[in-house]
Amino acid sequence: MTSYVLNGGKTKLACAVSSALSPVSASRSAMLGMLVCGAMIAPGTTFAQSDELETLEEIVVTGYRSSLARATDLKRNASGVVDAISAEDIGVFPDTNLAESLQRITGVSIDRSRGEGSQVTVRGFGPEFNLVTLNGRQMPTHNGDNRSFDFADLASEGIAGVQVYKTGVADVPTGGIGSTINIQTARPLDAPGMKSVVSLKAVHDTSTTKGDDLTPEVSGIYSNTFADDTIGIAIAGSYQKRDNGVNTGTVGDYNNFPGTADQDWAAGTAAWGGLPRDENQINRPADSDIYAVPQSVGYEIAEFSRERINGQLALQWRPNDSVTTTLDYFYSEVDFERTFNNYSGWFNFAGVQSTYSDGPVASPLIYTEVNSATDFAMAAGRDGTRTENNSLGLNVEWQVNDKLALEFDFHSSEAERGASGNNGTASQLAIASFTRQRTTAYLNGELPILELDLTGPLSADDMIVTGSVFDNEAAKMEIQQLSAGGAYEFTDTTSIDFGVQLTEVDNRSQFSNVQRDTWGGTTQAGDIADLLTPASAADAFDQLSNGNDSRRQTQFFVFDIDALIARTEALGATQSTGGDCGTGLCPSSNFTTDRITEEDSSAAYIQVNLDRQLGDIPVRIKAGLRYEETDVVSQALVPVYASVVQQSDNEFSAIQAVDANGAVVQDFTRLTGEYDFILPNLDIRFDLTDNVVARASYSETITRPSFVDIQGGLTINSLIRVSGGNGNSGNPDLDPLESKNIDLSLEYYFGGSDYASVGYFNKDVKNFIGTAIFQDQVLFPGLIHPATGAPVTFDVTAPVNNEDSSIDGWEIAVQKTFGDSGFGVIANATIVNGDLEYEPTSLDTQFVLPGLSDSANLIGFYENDRFQARLMYNWRDDFFNGIAGSAAATPGPVNVSSFGQWDVNIRYVVSDNLTVFLEGLNITEETVRTYGRDELQVIQALQTGARYNLGVRYEF
């Protein structure tokens with residue numbers, strides 16, 4: 001057994017190396033044991049003062065089973081509820097994507113983007129409710145409007161471990177009601193000597209039709225120590241290129257109506273989009289029902305290309321046994337490009353013939369319009385984004401004496417996102433032929449089916465240029481964080497942790513839109529025929545059950561957006577002066593939405609750690625308090641209004657101010673807020689026997705509001721009536737969401753990595769955010785109402801804390817290896833309950849928690865000295881994912897159908913230095929489907945395909 005000295009000599013952690021390994025393998029495994037055991041209590045994080053430091057555990061380090069054993073030890077030795085994943089070997093994380101690994105943890109589900117894990121949901125709380133840290137430091141995000149972190153930015157090769165803290169702890173940064181997820185990187189002094197690894201992969205994504213069949217991925221890690229292991233350096237880097245395709249069938253916004261809504265204008269019951277009451281409607285919804293009407297049906301064939309670069313550098317110096325300094329830097333860059341073509345048919349709510357399902361939620365099974373709209377629309381786009389993350393940190397650990405250890409940590413980190421390429425972050429240029437006579441949507445299958453009856457064969461000579469949209473987004477978050485803390489050991493059984501932390505978060509999000517609403521056309525027939533290429537989408541949805549429906553319109557034209565932009569400009573058919581190019585066919589760098597928010601937080605904590613006996617039962621108690629106060633200053637760019645003019649007898653308009661050049665004047669409004677909290681935590685662990693552990697935890701945690709909710713902007717609707725006007729505002733004075741958490745668990749450990757556990761959790765959450773209307777007369781004191789001669793009174797809608805709710809659930813897990821056979825199995829399930837589910841039979845505004853769902857995992861594995869194989873299944877039940885719909889009618893929910901995915905991982909050790917491997921994700925090519933108030937109301941059906949990685953790994 002080898003013992004490793006950590007934290008300046010305060011604590012020893014022992015990891016044993018199996019004698020069955022070859023000398024080289026044993027050396028590598030010993031190095032990995034030092035690397036990962038050290039990483040689990042890495043410098044730069046006050047997590048290092050948690051329970052596992054004081055427990056001496058023997059771990060047999062042999063590949064995947066060793067990583068399970070290390071994770072099991074961390075789970076067992078913690079006071080609260082903690083789950084972990086550790087690297088199998090240097091540069092070998094269990095999955096190629098961190099989010100894909102995290103979904104294997106009980107209670108963790110993921111959101112996928114383009115078939116790859118990107119964001120996590122923990123115990124029913126979505127990405128914005130989970131705080132992500134890197135080596136204990138709060139990570140910035142580049143989402144602009146919310147705080148969710150995208151794990152697809154990070155390569156897994158340079159990661160040593162990830163921990164998911166499901167209960168609150170005083171020395172952990174605040175921000176996660178669902179969890180705090182800590183990502184740990186390697187430290188060279190934890191693994192003395194020289195190690196280096198290079199990995200090469202060929203990535204094959206079956207979904208791409210235009211991209212490369214094979215794309216490269218290369219990564220490398222180098223670690224070395226010098227001067228009698230007092231100086232160390234670790235460097236890790238990776239490059240990945242991935243091409244993939246996503247084919248999507250979409251029903252545009254469903255307009256939702258009560259059954260009484262119809263098209264009878266004479267009777268006064270007419271609603272735009274409402275169903276007629278005539279013989280053409282089969283099983284028309286009853287007056288007591290709620291029914292939905294589709295706005296459009298269309299298909300998109302998209303190709304994506306992504307390049308990702310990651311880099312890490314860690315420098316360490318240990319001048320003596322009591323002081324360790326660490327300087328580390330992390331960098332990631334992702335360049336992402338999307339190209340697509342689409343086609344669709346839009347409804348105009350006239351000449352309706354329909355067939356509906358039975359109520360109380362009536363769904364359109366067949367929806368037809370005759371001669372209501374004539375345009376057969378098609379579009380193309382090419383756009384992209386570039387994201388960049390930087391984090392520079394300095395950490396100093398000082399073992400002052402046998403009783404006192406101190407730690408200082410500072411980091412400066414930023415995350416930035418902006419456009420990549422000349423078409424902004426979202427683009428679309430449309431064309432159309434006006435040859436549509438009859439349009440039918442068949443909506444009773446997995447894929448929505450669009451059937452068109454055209455006046456004649458589809459011809460390029462009939463196509464003309466119509467409207468366009470170019471969006472441009474930019475976001476940047478900067479975090480400066482300074483912390484100082486320590487631990488004092490009174491006796492072998494009593495110690496305290498203490499510390500302070502100062503955090504400054506600066507977030508900015510910007511947006512501009514350039515849109516030409518020339519949907520009736522701007523060119524003449526034949527002007528663009530030579531730029532169009534006939535295409536077919538007949539095989540685009542072969543993984544969906546009704547993807548080969550013969551009624552589906554499959555013929556359309558594809559074109560290059562840049563070529564068509566040039567042609568449209570040459571024809572002088574732009575009809576706009578918008579965008580940086582002045583023609584309206586490009587994005588604008590003059591952002592009309594600009595939000596700037598600064599949060600300054602100060603925190604102090606103290607935590608007591610006690611080892612006691614309850615009869616013959618050892619008891620570990622951790623009790624802490626964290627005090628935190630935050631000041632918020634938020635600004636937003638809004639129009640400046642100069643006057644109010646009368647438009648009719650009872651209608652008036654607010655007129656925006658203009659400068660000397662006739663440009664609209666905008667200015668920043670500034671709002672402020674503040675809040676403070678005392679957050680207690682109490683964790684009690686009972687070692688009932690040598691194998692049985694019981695836990696009881698209580699904690700209070702917070703999640704801060706989104707940046708949209710706390711924006712400083714205040715805008716008004718230009719239309720004003722005699723009684724006054726309406727407006728919208730942010731509210732920087734919102735309180736965070738606060739959760740009171742109870743966790744109870746019972747765990748049985750019966751082997752090095754074997755255990756079974758059952759846990760119950762309850763989260764009582766208050767301060768969920770809704771909206772309220774306030775009356776204000778001093779918003780714009782210069783706006784005098786012509787009818788009253790007084791300043792205009794505005795009803796302002798703003799976010800407020802007005803919702804409370806409770807979430808509870810069960811987590812069940814079993815992890816078992818079968819002796820020396822090499823076989824093992826992992827199974828877990830999470831059942832979540834809450835009163836925040838969407839009620840489909842109500843048209844009222846509802847508050848619903850996105851992401852709330854049950855989930856389960858099943859992993860079977862086998863390994864010996866040369867061979868390793870894992871077959872993994874991940875399942876997630878249906879869940880609510882937001883609200884969508886037309887403002888002219890009542891919006892409705894977007895629900896994601898249950899989804900199960902099979903992954904496989906196979907490795908073979910050719911020699912002590914060389915390993916070959918094969919990885920497969922979504923090998924059964926499962927598809928994704930979303931729906932509205934009823935499962936028959938399909939919103940989207942997505943086909944992505946499988947992805948395979950074939951690679952080699954060489955250790956020097």
# chains A, B, ... in the order shown; residues from 1 in each chain; ligands from 1
>>> closest_atom_pairs(of="range 643-724 of chain A", to="range 582-599 of chain A", cutoff="9 Å", atoms="only C-alpha atoms", output="CSV")
residue,atom,partner,partner_atom,distance
A:Gln666,CA,A:Thr592,CA,8.4
A:Phe668,CA,A:Asp594,CA,8.6
A:Phe707,CA,A:Thr597,CA,7.3
A:Val708,CA,A:Arg595,CA,8.2
A:Ile710,CA,A:Thr597,CA,8.0
A:Gln711,CA,A:Arg595,CA,6.4
A:Gly712,CA,A:Arg595,CA,7.4
A:Gly713,CA,A:Arg595,CA,7.5
>>> select_by_dssp(residues="range 403-443 of chain A", states="strand (DSSP E or B)", output="VMD selection string")
chain A and resid 404 to 419 426 to 433 436 to 442
>>> closest_residue(among="A:Thr106, A:Gln635, A:Gln240, A:Ser113", to="Asp506 in chain A", atoms="only C-alpha atoms")
A:Gln635
>>> closest_residue(among="A:Thr797, A:Val169, A:Arg953, A:Gly851", to="Val120 in chain A", atoms="only C-alpha atoms")
A:Gly851
>>> residues_around(residues="Arg704 in chain A", least_positions_apart="2", cutoff="8 Å", atoms="only C-alpha atoms", output="ChimeraX atom specification")
/A:175,702,706,735-737
>>> write_last_selection(atoms="C-alpha atoms", output="PDB file, in the first residue's frame")
ATOM      1  CA  GLY A 175     -26.229  29.252  -6.415  1.00  0.00           C
ATOM      2  CA  ILE A 702     -30.457  29.498  -3.115  1.00  0.00           C
ATOM      3  CA  SER A 706     -32.097  34.955 -14.377  1.00  0.00           C
ATOM      4  CA  ASP A 735     -34.956  37.702  -4.043  1.00  0.00           C
ATOM      5  CA  PRO A 736     -33.232  34.474  -5.043  1.00  0.00           C
ATOM      6  CA  LEU A 737     -35.193  31.264  -5.005  1.00  0.00           C
TER       7      LEU A 737
END
>>> atom_distance(atom1="CA of Arg386 in chain A", atom2="CA of Glu300 in chain A")
22.8 Å
>>> atom_distance(atom1="CA of Phe956 in chain A", atom2="CA of Asn182 in chain A")
29.5 Å
>>> closest_atom_pairs(of="range 388-470 of chain A", to="range 131-154 of chain A", cutoff="7 Å", atoms="only C-alpha atoms", output="CSV")
residue,atom,partner,partner_atom,distance
A:Ser413,CA,A:Pro140,CA,6.7
A:Glu414,CA,A:Pro140,CA,5.8
A:Ala415,CA,A:His142,CA,5.1
A:Glu416,CA,A:His142,CA,5.2
A:Arg417,CA,A:His142,CA,5.7
>>> select_by_dssp(residues="range 456-594 of chain A", states="alpha helix (DSSP H)", output="PDB file with C-alpha atoms, in the first residue's frame")
ATOM      1  CA  ILE A 561     -27.790  31.865 -48.980  1.00  0.00           C
ATOM      2  CA  ASP A 562     -24.687  33.928 -49.768  1.00  0.00           C
ATOM      3  CA  ALA A 563     -25.133  33.491 -53.510  1.00  0.00           C
ATOM      4  CA  LEU A 564     -28.796  34.484 -53.281  1.00  0.00           C
ATOM      5  CA  ILE A 565     -27.951  37.524 -51.159  1.00  0.00           C
ATOM      6  CA  ALA A 566     -25.542  38.707 -53.838  1.00  0.00           C
ATOM      7  CA  ARG A 567     -28.144  38.152 -56.587  1.00  0.00           C
ATOM      8  CA  THR A 568     -30.896  39.937 -54.624  1.00  0.00           C
ATOM      9  CA  GLU A 569     -28.640  42.936 -54.018  1.00  0.00           C
ATOM     10  CA  ALA A 570     -27.602  43.007 -57.672  1.00  0.00           C
TER      11      ALA A 570
END
>>> closest_residue(among="A:Gln184, A:Gln775, A:Ser223, A:Val758", to="Asn828 in chain A", atoms="only C-alpha atoms")
A:Val758
>>> closest_residue(among="A:Glu446, A:Asp743, A:Glu397, A:Asp795", to="Asp542 in chain A", atoms="only C-alpha atoms")
A:Glu446
>>> closest_residue(among="A:Tyr748, A:Tyr698, A:Phe125, A:Tyr64", to="Pro94 in chain A", atoms="only C-alpha atoms")
A:Tyr64
>>> atom_distance(atom1="CA of Asp527 in chain A", atom2="CA of Ser459 in chain A")
12.6 Å
>>> residues_around(residues="Ala829 in chain A", least_positions_apart="6", cutoff="7 Å", atoms="only C-alpha atoms", output="PDB file with N, CA and C atoms, in the first residue's frame")
ATOM      1  N   THR A 106     -27.193   8.916 -10.160  1.00  0.00           N
ATOM      2  CA  THR A 106     -28.583   8.900  -9.711  1.00  0.00           C
ATOM      3  C   THR A 106     -29.093  10.323  -9.525  1.00  0.00           C
ATOM      4  N   GLU A 811     -34.398   8.222  -4.568  1.00  0.00           N
ATOM      5  CA  GLU A 811     -33.257   7.790  -5.370  1.00  0.00           C
ATOM      6  C   GLU A 811     -32.854   6.388  -4.921  1.00  0.00           C
ATOM      7  N   ILE A 812     -32.782   5.483  -5.879  1.00  0.00           N
ATOM      8  CA  ILE A 812     -32.461   4.085  -5.585  1.00  0.00           C
ATOM      9  C   ILE A 812     -31.288   3.679  -6.475  1.00  0.00           C
ATOM     10  N   ALA A 813     -30.279   3.048  -5.894  1.00  0.00           N
ATOM     11  CA  ALA A 813     -29.097   2.692  -6.680  1.00  0.00           C
ATOM     12  C   ALA A 813     -28.518   1.364  -6.204  1.00  0.00           C
ATOM     13  N   SER A 855     -36.126   9.349 -13.992  1.00  0.00           N
ATOM     14  CA  SER A 855     -35.023   8.909 -14.848  1.00  0.00           C
ATOM     15  C   SER A 855     -34.448   7.608 -14.312  1.00  0.00           C
ATOM     16  N   ALA A 856     -33.693   6.899 -15.164  1.00  0.00           N
ATOM     17  CA  ALA A 856     -33.096   5.622 -14.764  1.00  0.00           C
ATOM     18  C   ALA A 856     -31.876   5.330 -15.626  1.00  0.00           C
ATOM     19  N   ASN A 857     -30.950   4.541 -15.067  1.00  0.00           N
ATOM     20  CA  ASN A 857     -29.744   4.119 -15.771  1.00  0.00           C
ATOM     21  C   ASN A 857     -29.507   2.636 -15.543  1.00  0.00           C
TER      22      ASN A 857
END
>>> residues_around(residues="Pro639 in chain A", least_positions_apart="2", cutoff="7 Å", atoms="only C-alpha atoms", output="list of chain:residue names")
A:Tyr641, A:Gln656, A:Val665, A:Gln666, A:Asp667
>>> closest_residue(among="A:Pro192, A:Gly245, A:Gly920, A:Gly770", to="Tyr222 in chain A", atoms="only C-alpha atoms")
A:Pro192
>>> residues_around(residues="Val500 in chain A", least_positions_apart="4", cutoff="8 Å", atoms="only C-alpha atoms", output="list in words")
Ser483, Ala484, Gly485, Ser602, Ala603, Ala604 and Tyr605 of chain A
